[in-house]
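Take a look at the structure set out below.
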Amino acid sequence: GGGGFQGGGRSSGILQMPDDSGAQATPIASLTAYSGKWTIQARLVVKGTMRFYKNQKGEGRLFNIDLMDSSSDVRGTFFNDDADKWMDVLEVNKVYRVSGGNIKPANKQYNQTKSDWEITFGRDTTFEPCPESSAPKVTYQFVKIDQIETLDTNTIIDIIGVVQHADPLSEITVKSGANAGNKISKRDVTIVDSSGKSIRLTLWDGAKDLVQETDTSAPVIAIKNCKVGDFQGKNVSTTRSSMAEVNPDMPEAHNLRGWYDFQGKSVAFTSVG
């Protein structure tokens, strides 16, 4: 443990004044199972919800995060007590210095990150908040809504649009897997852009709380890693690897805001097929 740094409760493990604050960070692209003692400095770009599992050893809970620096990105997982400890502490889109964890080969079936490795965090893991400028910002390759019609189902894209309408939360019951029988909630919203088209966007997990049905301000929403579906026409939905931001400070969002306020809100949009 970190001796004097081990505060009680939620903050324990977040180091305010680390001894090695000047230590060089390892680029994520250089991480391997043979890295020995490592520290990475990265932006937390994806934070999953707590998930429950059952296997031969019993049952437990976990959540995943994806960390990105200028060299690459990597998936990390917290289990059980560690998951409880960090779930409410770590924030999406914040930059951290991270050390401590077991590096193993990535399971590419569930892991879209570039790294060939993934990290299992444990009792010795520390996350230390860093200045915003100490890791690159998330980059997006936005696809216009009218282009989504031509994309294959399950294509992963980045989208940005104005939320023209938000439905109240609705619940569905999970049919299979370890969460079978559990109810999970989602929110369907209609987003539009200057292509003159609208599309239904389904927000799952934390993303569903970013907009409310009572909000009439028509916020701009940007989503990294959205999945194309075609249930009753083309639609998009967030996934476990999505990152969503509302009214982000970026040129594309400012342009959309200006366009919508001055002309977009009076356009008759047609939904994509």
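Lettering and numbering for the structure tokens are positional, with chains as A, B, ... in the shown order, residues counted from 1 in each chain, and ligands counted from 1 in the shown order.
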
Practice task
Name the residues of segment 22-138 of chain A that come out as alpha helix (DSSP H) in a backbone DSSP run; write them as a list in words.
Solution key: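 Result set for segment 22-138 of chain A (alpha helix (DSSP H)): Asn80, Asp81, Asp82, Ala83, Asp84, Lys85, Trp86 and Met87 of chain A.
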
So that each row is one residue of segment 80-191 of chain A with an atom at most 12 Å from segment 232-249 of chain A, can you give its shortest atom pair and the distance in Å to one decimal, using only C-alpha atoms, rows by chain and rising number, as CSV?
```
residue,atom,partner,partner_atom,distance
A:Glu91,CA,A:Met243,CA,11.6
A:Val92,CA,A:Met243,CA,7.9
A:Asn93,CA,A:Met243,CA,8.5
A:Tyr110,CA,A:Arg240,CA,9.6
A:Asn111,CA,A:Ser241,CA,8.5
A:Gln112,CA,A:Ser241,CA,7.6
A:Thr113,CA,A:Ser241,CA,9.1
A:Lys137,CA,A:Asp249,CA,11.0
A:Val138,CA,A:Met243,CA,9.3
A:Thr139,CA,A:Met243,CA,11.1
A:Tyr140,CA,A:Met243,CA,10.5
A:Val143,CA,A:Val236,CA,11.6
A:Ile145,CA,A:Asn235,CA,9.8
A:Asp146,CA,A:Lys234,CA,10.4
A:Gln147,CA,A:Lys234,CA,10.6
A:Ile148,CA,A:Lys234,CA,7.3
A:Glu149,CA,A:Lys234,CA,6.3
A:Thr150,CA,A:Lys234,CA,9.2
A:Leu151,CA,A:Lys234,CA,8.9
A:Asp152,CA,A:Lys234,CA,9.4
A:Thr153,CA,A:Lys234,CA,8.1
A:Asn154,CA,A:Val236,CA,9.1
A:Thr155,CA,A:Val236,CA,9.5
A:Ile156,CA,A:Val236,CA,9.2
A:Ile157,CA,A:Val236,CA,9.0
A:Asp158,CA,A:Ser242,CA,9.0
A:Ile159,CA,A:Val236,CA,9.0
A:Ile160,CA,A:Glu245,CA,9.5
A:Gly161,CA,A:Val246,CA,9.9
A:Val162,CA,A:Asn247,CA,9.3
A:Val163,CA,A:Val246,CA,9.7
A:Lys186,CA,A:Ser237,CA,9.9
A:Arg187,CA,A:Ser237,CA,9.9
A:Asp188,CA,A:Ser237,CA,8.8
A:Val189,CA,A:Ser237,CA,10.0
A:Thr190,CA,A:Asn235,CA,9.7
A:Ile191,CA,A:Val236,CA,10.1
```

Practice task
From the DSSP assignment of the backbone, select every residue of segment 50-267 of chain A that is strand (DSSP E or B), and format the answer as an MDAnalysis selection string.
Solution key: chainID A and resid 51:55 58:68 73:79 95:99 102:105 117:120 126:129 142 156:166 170:173 183:192 197:203 220:229 235:246

Exercise for the section: Show which residues sit within 9 Å of segment 73-75 of chain A, as a ChimeraX atom specification. Count only C-alpha atoms, and ignore same-chain residues fewer than 5 positions away. Expected result: /A:28-29,42,46,64-68,106,111-120

Got time to write the residues from that selection, C-alpha atoms, as a PDB file, in the first residue's frame?
```pdb
ATOM      1  CA  ILE A  28       0.697   2.633 -23.860  1.00  0.00           C
ATOM      2  CA  ALA A  29       2.084   1.300 -27.168  1.00  0.00           C
ATOM      3  CA  ALA A  42      -3.689   8.725 -20.229  1.00  0.00           C
ATOM      4  CA  VAL A  46     -14.568   4.795 -21.933  1.00  0.00           C
ATOM      5  CA  ASN A  64     -14.043  -1.895 -17.799  1.00  0.00           C
ATOM      6  CA  ILE A  65     -12.312   1.317 -18.762  1.00  0.00           C
ATOM      7  CA  ASP A  66     -10.347   2.312 -21.868  1.00  0.00           C
ATOM      8  CA  LEU A  67      -7.316   4.568 -21.439  1.00  0.00           C
ATOM      9  CA  MET A  68      -5.801   6.546 -24.339  1.00  0.00           C
ATOM     10  CA  ALA A 106      -6.014  -8.792 -24.847  1.00  0.00           C
ATOM     11  CA  ASN A 111     -11.808  -5.434 -26.771  1.00  0.00           C
ATOM     12  CA  GLN A 112     -11.688  -2.841 -29.559  1.00  0.00           C
ATOM     13  CA  THR A 113      -8.563  -1.048 -28.309  1.00  0.00           C
ATOM     14  CA  LYS A 114      -5.346  -1.001 -30.360  1.00  0.00           C
ATOM     15  CA  SER A 115      -3.158  -2.584 -27.679  1.00  0.00           C
ATOM     16  CA  ASP A 116      -2.375  -6.306 -27.852  1.00  0.00           C
ATOM     17  CA  TRP A 117      -2.532  -6.310 -24.041  1.00  0.00           C
ATOM     18  CA  GLU A 118      -5.057  -5.487 -21.348  1.00  0.00           C
ATOM     19  CA  ILE A 119      -4.721  -4.630 -17.668  1.00  0.00           C
ATOM     20  CA  THR A 120      -6.404  -6.228 -14.667  1.00  0.00           C
TER      21      THR A 120
END
```
